[in-house]
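Read through the structure below, which is laid out as structure tokens, and then see the notes.
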Amino acid sequence: MPNIPTNILIVDDEPSIRTSLSHALTEIGYSARSAEDGFTALQEIRMKMPEIVVSDLNMPGMSGFELLSVIRRRF
């Protein structure tokens, strides 16, 4: 596969959505990691910067909009 992003971070508070997306993306050749909330996502990003972040917008604690704002400021 030519120049496709290989490192994707999925952020969602629903385990079934995280699992389904991770499985589907892995099946077609992507490397997918997941996080259950914005705070965990930031920890994952510190360990390895993803090329793409797919996030739920409505999550408890930190919304997807807040997560995006933090990512843009810090990373």
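Ligands are numbered from 1 in the order shown, residues from 1 within each chain, and chains are lettered A, B, ... in the order they appear in the structure tokens.
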
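Using only C-alpha atoms, the protein and nucleic acid residues lying no more than 12 Å from range 58-70 of chain A, apart from those fewer than 4 places from it along its own chain, are Ile10, Val11, Asp12, Asp13, Glu14, Ala35, Glu36, Asp37, Gly38, Phe39, Thr40, Ala41, Leu42, Gln43, Ile45, Ile52, Val53, Val54, Arg74 and Phe75 of chain A.
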
Residues from last step as file, N, CA, C and O atoms, as an mmCIF file, in the first residue's frame:
data_model
loop_
_atom_site.group_PDB
_atom_site.id
_atom_site.type_symbol
_atom_site.label_atom_id
_atom_site.label_comp_id
_atom_site.auth_asym_id
_atom_site.auth_seq_id
_atom_site.Cartn_x
_atom_site.Cartn_y
_atom_site.Cartn_z
ATOM 1 N N ILE A 10 -7.577 5.379 18.072
ATOM 2 C CA ILE A 10 -9.036 5.443 18.182
ATOM 3 C C ILE A 10 -9.386 5.790 19.624
ATOM 4 O O ILE A 10 -8.929 5.116 20.554
ATOM 5 N N VAL A 11 -10.180 6.843 19.802
ATOM 6 C CA VAL A 11 -10.560 7.282 21.144
ATOM 7 C C VAL A 11 -12.078 7.247 21.253
ATOM 8 O O VAL A 11 -12.771 7.980 20.542
ATOM 9 N N ASP A 12 -12.577 6.372 22.118
ATOM 10 C CA ASP A 12 -14.026 6.252 22.303
ATOM 11 C C ASP A 12 -14.297 5.609 23.652
ATOM 12 O O ASP A 12 -13.577 4.695 24.056
ATOM 13 N N ASP A 13 -15.329 6.069 24.334
ATOM 14 C CA ASP A 13 -15.663 5.505 25.638
ATOM 15 C C ASP A 13 -16.456 4.203 25.528
ATOM 16 O O ASP A 13 -16.640 3.508 26.527
ATOM 17 N N GLU A 14 -16.891 3.837 24.354
ATOM 18 C CA GLU A 14 -17.616 2.579 24.130
ATOM 19 C C GLU A 14 -16.640 1.476 23.706
ATOM 20 O O GLU A 14 -16.064 1.536 22.609
ATOM 21 N N ALA A 35 -7.873 4.149 22.962
ATOM 22 C CA ALA A 35 -7.916 4.752 24.288
ATOM 23 C C ALA A 35 -9.377 4.968 24.654
ATOM 24 O O ALA A 35 -10.193 5.299 23.800
ATOM 25 N N GLU A 36 -9.696 4.797 25.952
ATOM 26 C CA GLU A 36 -11.087 4.894 26.380
ATOM 27 C C GLU A 36 -11.546 6.299 26.691
ATOM 28 O O GLU A 36 -12.738 6.544 26.856
ATOM 29 N N ASP A 37 -10.607 7.248 26.792
ATOM 30 C CA ASP A 37 -10.979 8.638 27.062
ATOM 31 C C ASP A 37 -9.844 9.564 26.628
ATOM 32 O O ASP A 37 -8.767 9.106 26.220
ATOM 33 N N GLY A 38 -10.095 10.853 26.733
ATOM 34 C CA GLY A 38 -9.108 11.835 26.293
ATOM 35 C C GLY A 38 -7.810 11.786 27.075
ATOM 36 O O GLY A 38 -6.730 11.976 26.526
ATOM 37 N N PHE A 39 -7.898 11.525 28.371
ATOM 38 C CA PHE A 39 -6.700 11.490 29.206
ATOM 39 C C PHE A 39 -5.807 10.311 28.837
ATOM 40 O O PHE A 39 -4.586 10.452 28.721
ATOM 41 N N THR A 40 -6.412 9.166 28.603
ATOM 42 C CA THR A 40 -5.657 7.989 28.167
ATOM 43 C C THR A 40 -5.085 8.219 26.772
ATOM 44 O O THR A 40 -3.968 7.798 26.471
ATOM 45 N N ALA A 41 -5.838 8.893 25.924
ATOM 46 C CA ALA A 41 -5.354 9.204 24.571
ATOM 47 C C ALA A 41 -4.086 10.051 24.636
ATOM 48 O O ALA A 41 -3.136 9.812 23.889
ATOM 49 N N LEU A 42 -4.056 11.032 25.530
ATOM 50 C CA LEU A 42 -2.866 11.876 25.656
ATOM 51 C C LEU A 42 -1.663 11.066 26.113
ATOM 52 O O LEU A 42 -0.537 11.287 25.638
ATOM 53 N N GLN A 43 -1.869 10.090 26.987
ATOM 54 C CA GLN A 43 -0.775 9.207 27.395
ATOM 55 C C GLN A 43 -0.271 8.395 26.204
ATOM 56 O O GLN A 43 0.935 8.231 26.016
ATOM 57 N N ILE A 45 -0.481 9.205 23.067
ATOM 58 C CA ILE A 45 0.188 10.113 22.132
ATOM 59 C C ILE A 45 1.609 10.408 22.598
ATOM 60 O O ILE A 45 2.538 10.492 21.787
ATOM 61 N N ILE A 52 -3.005 9.554 12.587
ATOM 62 C CA ILE A 52 -4.424 9.906 12.540
ATOM 63 C C ILE A 52 -5.041 9.618 13.912
ATOM 64 O O ILE A 52 -4.749 8.588 14.521
ATOM 65 N N VAL A 53 -5.895 10.539 14.383
ATOM 66 C CA VAL A 53 -6.680 10.319 15.595
ATOM 67 C C VAL A 53 -8.150 10.311 15.197
ATOM 68 O O VAL A 53 -8.633 11.256 14.575
ATOM 69 N N VAL A 54 -8.848 9.231 15.538
ATOM 70 C CA VAL A 54 -10.287 9.121 15.305
ATOM 71 C C VAL A 54 -10.931 9.149 16.686
ATOM 72 O O VAL A 54 -10.693 8.259 17.496
ATOM 73 N N ARG A 74 -0.352 21.113 22.314
ATOM 74 C CA ARG A 74 0.834 20.429 22.850
ATOM 75 C C ARG A 74 1.660 19.694 21.808
ATOM 76 O O ARG A 74 2.851 19.504 21.977
ATOM 77 N N PHE A 75 1.005 19.224 20.759
ATOM 78 C CA PHE A 75 1.714 18.360 19.820
ATOM 79 C C PHE A 75 1.694 18.940 18.426
ATOM 80 O O PHE A 75 2.193 18.417 17.509
#

Can you pull out the residues contacting range 19-27 of chain A? Cut-off 10 Å, using only C-alpha atoms, and skip same-chain residues under 3 positions away; I want them as a compact mmCIF listing (two decimals) with C-alpha atoms, in the first residue's frame.
# COMPACT_ATOMS: atom_id res chain seq x y z
CA THR A 6 -0.13 3.31 9.36
CA ILE A 8 -4.07 5.33 14.01
CA LEU A 9 -5.35 6.13 17.51
CA ILE A 10 -9.04 5.44 18.18
CA ASP A 12 -14.03 6.25 22.30
CA GLU A 14 -17.62 2.58 24.13
CA PRO A 15 -15.50 -0.60 24.21
CA SER A 16 -17.43 -2.22 21.33
CA TYR A 30 -3.23 -0.27 9.57
CA SER A 31 -1.65 -0.24 13.01
CA ALA A 32 -4.49 0.76 15.35
CA ARG A 33 -4.26 1.60 19.03
CA SER A 34 -7.14 2.68 21.22
CA VAL A 54 -10.29 9.12 15.31

Could you pull out the helix (DSSP H, G or I) residues of chain A from DSSP and send them as a CSV table (one decimal) with all heavy atoms, in the first residue's frame?
chain,number,residue,atom,x,y,z
A,15,PRO,N,-16.4,0.5,24.6
A,15,PRO,CA,-15.5,-0.6,24.2
A,15,PRO,C,-15.8,-1.3,22.9
A,15,PRO,O,-14.9,-1.6,22.1
A,15,PRO,CB,-15.6,-1.6,25.4
A,15,PRO,CG,-16.2,-0.8,26.5
A,15,PRO,CD,-17.1,0.3,25.9
A,16,SER,N,-17.1,-1.5,22.6
A,16,SER,CA,-17.4,-2.2,21.3
A,16,SER,C,-17.0,-1.4,20.1
A,16,SER,O,-16.6,-2.0,19.1
A,16,SER,CB,-18.9,-2.5,21.3
A,16,SER,OG,-19.7,-1.3,21.3
A,17,ILE,N,-17.1,-0.1,20.2
A,17,ILE,CA,-16.7,0.7,19.0
A,17,ILE,C,-15.2,0.7,18.9
A,17,ILE,O,-14.7,0.5,17.8
A,17,ILE,CB,-17.2,2.2,19.2
A,17,ILE,CG1,-18.8,2.2,19.1
A,17,ILE,CG2,-16.6,3.1,18.1
A,17,ILE,CD1,-19.4,3.5,19.3
A,18,ARG,N,-14.5,0.8,20.0
A,18,ARG,CA,-13.0,0.8,19.9
A,18,ARG,C,-12.6,-0.6,19.3
A,18,ARG,O,-11.7,-0.6,18.5
A,18,ARG,CB,-12.4,0.9,21.3
A,18,ARG,CG,-12.5,2.3,21.9
A,18,ARG,CD,-11.5,2.5,23.1
A,18,ARG,NE,-11.6,1.4,24.1
A,18,ARG,CZ,-12.4,1.4,25.1
A,18,ARG,NH1,-13.3,2.4,25.3
A,18,ARG,NH2,-12.4,0.4,26.0
A,19,THR,N,-13.1,-1.6,19.8
A,19,THR,CA,-12.8,-3.0,19.4
A,19,THR,C,-13.1,-3.2,17.9
A,19,THR,O,-12.2,-3.6,17.1
A,19,THR,CB,-13.5,-4.1,20.2
A,19,THR,OG1,-13.1,-3.9,21.6
A,19,THR,CG2,-13.1,-5.5,19.7
A,20,SER,N,-14.3,-2.8,17.5
A,20,SER,CA,-14.7,-3.0,16.1
A,20,SER,C,-13.8,-2.2,15.1
A,20,SER,O,-13.4,-2.7,14.1
A,20,SER,CB,-16.1,-2.5,15.9
A,20,SER,OG,-17.0,-3.3,16.7
A,21,LEU,N,-13.6,-0.9,15.5
A,21,LEU,CA,-12.7,-0.1,14.6
A,21,LEU,C,-11.3,-0.6,14.5
A,21,LEU,O,-10.7,-0.6,13.5
A,21,LEU,CB,-12.8,1.4,15.0
A,21,LEU,CG,-14.0,2.2,14.6
A,21,LEU,CD1,-13.9,3.6,15.3
A,21,LEU,CD2,-14.0,2.4,13.1
A,22,SER,N,-10.8,-0.9,15.7
A,22,SER,CA,-9.4,-1.4,15.7
A,22,SER,C,-9.3,-2.7,14.9
A,22,SER,O,-8.3,-2.8,14.1
A,22,SER,CB,-9.0,-1.8,17.2
A,22,SER,OG,-8.9,-0.6,17.9
A,23,HIS,N,-10.2,-3.6,15.0
A,23,HIS,CA,-10.2,-4.8,14.3
A,23,HIS,C,-10.3,-4.6,12.8
A,23,HIS,O,-9.5,-5.1,12.0
A,23,HIS,CB,-11.3,-5.8,14.7
A,23,HIS,CG,-11.3,-7.1,14.0
A,23,HIS,ND1,-10.4,-8.0,14.2
A,23,HIS,CD2,-12.2,-7.5,13.0
A,23,HIS,CE1,-10.7,-9.1,13.4
A,23,HIS,NE2,-11.7,-8.8,12.7
A,24,ALA,N,-11.2,-3.7,12.4
A,24,ALA,CA,-11.4,-3.4,10.9
A,24,ALA,C,-10.2,-2.8,10.3
A,24,ALA,O,-9.8,-3.1,9.2
A,24,ALA,CB,-12.7,-2.5,10.8
A,25,LEU,N,-9.6,-1.8,11.1
A,25,LEU,CA,-8.4,-1.1,10.5
A,25,LEU,C,-7.2,-2.1,10.5
A,25,LEU,O,-6.4,-2.0,9.5
A,25,LEU,CB,-8.1,0.1,11.4
A,25,LEU,CG,-9.1,1.2,11.2
A,25,LEU,CD1,-8.9,2.3,12.3
A,25,LEU,CD2,-9.1,1.9,9.8
A,26,THR,N,-7.1,-2.9,11.5
A,26,THR,CA,-6.0,-3.9,11.5
A,26,THR,C,-6.1,-4.8,10.3
A,26,THR,O,-5.1,-5.2,9.7
A,26,THR,CB,-5.9,-4.6,12.8
A,26,THR,OG1,-5.7,-3.6,13.9
A,26,THR,CG2,-4.8,-5.6,12.9
A,27,GLU,N,-7.3,-5.3,10.0
A,27,GLU,CA,-7.6,-6.2,8.9
A,27,GLU,C,-7.1,-5.7,7.6
A,27,GLU,O,-6.8,-6.4,6.7
A,27,GLU,CB,-9.1,-6.6,8.9
A,27,GLU,CG,-9.5,-7.5,10.0
A,27,GLU,CD,-9.0,-8.9,9.8
A,27,GLU,OE1,-9.0,-9.4,8.6
A,27,GLU,OE2,-8.5,-9.5,10.8
A,38,GLY,N,-10.1,10.9,26.7
A,38,GLY,CA,-9.1,11.8,26.3
A,38,GLY,C,-7.8,11.8,27.1
A,38,GLY,O,-6.7,12.0,26.5
A,39,PHE,N,-7.9,11.5,28.4
A,39,PHE,CA,-6.7,11.5,29.2
A,39,PHE,C,-5.8,10.3,28.8
A,39,PHE,O,-4.6,10.5,28.7
A,39,PHE,CB,-7.1,11.4,30.7
A,39,PHE,CG,-7.9,12.6,31.1
A,39,PHE,CD1,-9.3,12.5,31.3
A,39,PHE,CD2,-7.3,13.9,31.3
A,39,PHE,CE1,-10.0,13.6,31.7
A,39,PHE,CE2,-8.1,15.0,31.6
A,39,PHE,CZ,-9.4,14.9,31.8
A,40,THR,N,-6.4,9.2,28.6
A,40,THR,CA,-5.7,8.0,28.2
A,40,THR,C,-5.1,8.2,26.8
A,40,THR,O,-4.0,7.8,26.5
A,40,THR,CB,-6.6,6.7,28.2
A,40,THR,OG1,-7.1,6.6,29.5
A,40,THR,CG2,-5.8,5.5,27.9
A,41,ALA,N,-5.8,8.9,25.9
A,41,ALA,CA,-5.4,9.2,24.6
A,41,ALA,C,-4.1,10.1,24.6
A,41,ALA,O,-3.1,9.8,23.9
A,41,ALA,CB,-6.4,9.9,23.8
A,42,LEU,N,-4.1,11.0,25.5
A,42,LEU,CA,-2.9,11.9,25.7
A,42,LEU,C,-1.7,11.1,26.1
A,42,LEU,O,-0.5,11.3,25.6
A,42,LEU,CB,-3.1,13.0,26.6
A,42,LEU,CG,-4.1,14.1,26.1
A,42,LEU,CD1,-4.4,15.1,27.2
A,42,LEU,CD2,-3.6,14.8,24.9
A,43,GLN,N,-1.9,10.1,27.0
A,43,GLN,CA,-0.8,9.2,27.4
A,43,GLN,C,-0.3,8.4,26.2
A,43,GLN,O,0.9,8.2,26.0
A,43,GLN,CB,-1.2,8.3,28.5
A,43,GLN,CG,-1.5,9.0,29.8
A,43,GLN,CD,-2.1,8.0,30.9
A,43,GLN,OE1,-2.6,6.9,30.5
A,43,GLN,NE2,-2.0,8.4,32.1
A,44,GLU,N,-1.2,7.9,25.4
A,44,GLU,CA,-0.8,7.1,24.2
A,44,GLU,C,0.0,8.0,23.2
A,44,GLU,O,0.9,7.5,22.6
A,44,GLU,CB,-2.1,6.5,23.5
A,44,GLU,CG,-2.7,5.4,24.3
A,44,GLU,CD,-1.9,4.1,24.2
A,44,GLU,OE1,-1.2,3.9,23.2
A,44,GLU,OE2,-2.0,3.4,25.2
A,45,ILE,N,-0.5,9.2,23.1
A,45,ILE,CA,0.2,10.1,22.1
A,45,ILE,C,1.6,10.4,22.6
A,45,ILE,O,2.5,10.5,21.8
A,45,ILE,CB,-0.6,11.4,21.9
A,45,ILE,CG1,-1.9,11.1,21.2
A,45,ILE,CG2,0.2,12.5,21.2
A,45,ILE,CD1,-2.9,12.2,21.2
A,46,ARG,N,1.8,10.6,23.9
A,46,ARG,CA,3.2,10.8,24.4
A,46,ARG,C,4.1,9.6,24.2
A,46,ARG,O,5.3,9.8,23.9
A,46,ARG,CB,3.1,11.1,25.9
A,46,ARG,CG,2.6,12.4,26.3
A,46,ARG,CD,2.7,12.7,27.8
A,46,ARG,NE,1.8,13.8,28.1
A,46,ARG,CZ,0.6,13.7,28.7
A,46,ARG,NH1,0.2,12.6,29.0
A,46,ARG,NH2,-0.1,14.8,28.9
A,47,MET,N,3.5,8.4,24.2
A,47,MET,CA,4.4,7.2,23.9
A,47,MET,C,4.7,7.1,22.4
A,47,MET,O,5.9,6.8,22.1
A,47,MET,CB,3.6,6.0,24.4
A,47,MET,CG,3.6,5.8,25.9
A,47,MET,SD,3.0,4.2,26.4
A,47,MET,CE,1.3,4.3,26.0
A,64,GLY,N,-14.3,15.1,22.8
A,64,GLY,CA,-13.4,15.0,21.7
A,64,GLY,C,-12.9,16.4,21.2
A,64,GLY,O,-11.8,16.5,20.7
A,65,PHE,N,-13.8,17.4,21.4
A,65,PHE,CA,-13.4,18.8,21.0
A,65,PHE,C,-12.2,19.2,21.9
A,65,PHE,O,-11.3,19.9,21.5
A,65,PHE,CB,-14.6,19.7,21.1
A,65,PHE,CG,-15.6,19.4,20.1
A,65,PHE,CD1,-16.9,19.0,20.5
A,65,PHE,CD2,-15.4,19.7,18.7
A,65,PHE,CE1,-17.8,18.7,19.5
A,65,PHE,CE2,-16.3,19.4,17.8
A,65,PHE,CZ,-17.6,19.0,18.2
A,66,GLU,N,-12.4,18.9,23.2
A,66,GLU,CA,-11.3,19.3,24.2
A,66,GLU,C,-10.0,18.6,23.9
A,66,GLU,O,-8.9,19.2,24.0
A,66,GLU,CB,-11.8,19.1,25.6
A,66,GLU,CG,-12.9,20.0,26.1
A,66,GLU,CD,-13.5,19.5,27.4
A,66,GLU,OE1,-13.7,18.3,27.6
A,66,GLU,OE2,-13.9,20.4,28.2
A,67,LEU,N,-10.1,17.3,23.6
A,67,LEU,CA,-8.9,16.5,23.2
A,67,LEU,C,-8.2,17.1,22.0
A,67,LEU,O,-7.0,17.3,22.0
A,67,LEU,CB,-9.3,15.1,22.9
A,67,LEU,CG,-8.2,14.1,22.4
A,67,LEU,CD1,-7.1,14.0,23.5
A,67,LEU,CD2,-8.8,12.8,22.1
A,68,LEU,N,-9.0,17.4,21.0
A,68,LEU,CA,-8.4,18.1,19.8
A,68,LEU,C,-7.7,19.4,20.1
A,68,LEU,O,-6.5,19.6,19.7
A,68,LEU,CB,-9.5,18.3,18.7
A,68,LEU,CG,-9.0,19.1,17.5
A,68,LEU,CD1,-7.9,18.3,16.8
A,68,LEU,CD2,-10.2,19.4,16.6
A,69,SER,N,-8.3,20.1,21.0
A,69,SER,CA,-7.7,21.4,21.4
A,69,SER,C,-6.3,21.2,22.1
A,69,SER,O,-5.3,21.8,21.8
A,69,SER,CB,-8.6,22.2,22.3
A,69,SER,OG,-8.0,23.4,22.7
A,70,VAL,N,-6.3,20.2,23.0
A,70,VAL,CA,-5.0,19.9,23.7
A,70,VAL,C,-4.0,19.3,22.8
A,70,VAL,O,-2.8,19.7,22.8
A,70,VAL,CB,-5.3,18.9,24.9
A,70,VAL,CG1,-4.0,18.4,25.5
A,70,VAL,CG2,-6.2,19.5,25.9
A,71,ILE,N,-4.4,18.5,21.9
A,71,ILE,CA,-3.5,17.9,20.9
A,71,ILE,C,-2.8,19.0,20.0
A,71,ILE,O,-1.6,19.0,19.8
A,71,ILE,CB,-4.2,16.8,20.0
A,71,ILE,CG1,-4.5,15.6,20.8
A,71,ILE,CG2,-3.3,16.5,18.8
A,71,ILE,CD1,-5.4,14.6,20.1
A,72,ARG,N,-3.7,19.9,19.6
A,72,ARG,CA,-3.2,21.0,18.7
A,72,ARG,C,-2.2,21.9,19.5
A,72,ARG,O,-1.2,22.4,18.9
A,72,ARG,CB,-4.3,21.8,18.2
A,72,ARG,CG,-5.2,21.0,17.2
A,72,ARG,CD,-6.3,21.8,16.6
A,72,ARG,NE,-5.8,22.7,15.7
A,72,ARG,CZ,-6.5,23.6,15.0
A,72,ARG,NH1,-7.8,23.7,15.3
A,72,ARG,NH2,-6.0,24.4,14.2
A,73,ARG,N,-2.5,22.2,20.7
A,73,ARG,CA,-1.6,23.1,21.5
A,73,ARG,C,-0.3,22.4,21.9
A,73,ARG,O,0.8,23.0,21.8
A,73,ARG,CB,-2.3,23.5,22.8
A,73,ARG,CG,-3.2,24.6,22.6
A,73,ARG,CD,-3.6,25.3,24.0
A,73,ARG,NE,-3.9,24.3,25.0
A,73,ARG,CZ,-5.1,23.9,25.4
A,73,ARG,NH1,-6.2,24.3,24.8
A,73,ARG,NH2,-5.2,23.0,26.4
A,74,ARG,N,-0.4,21.1,22.3
A,74,ARG,CA,0.8,20.4,22.9
A,74,ARG,C,1.7,19.7,21.8
A,74,ARG,O,2.9,19.5,22.0
A,74,ARG,CB,0.4,19.4,23.9
A,74,ARG,CG,-0.1,20.1,25.2
A,74,ARG,CD,-0.3,19.0,26.2
A,74,ARG,NE,-0.9,19.6,27.4
A,74,ARG,CZ,-1.3,18.9,28.4
A,74,ARG,NH1,-1.2,17.5,28.4
A,74,ARG,NH2,-1.9,19.4,29.4

### Query
When DSSP works through the backbone of this structure, what residues of range 17-73 of chain A end up as strand (DSSP E), shown as a list in words?
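Secondary structure check on range 17-73 of chain A, strand (DSSP E): Ser31, Ala32, Arg33, Ser34, Ala35, Ile52, Val53, Val54 and Ser55 of chain A.
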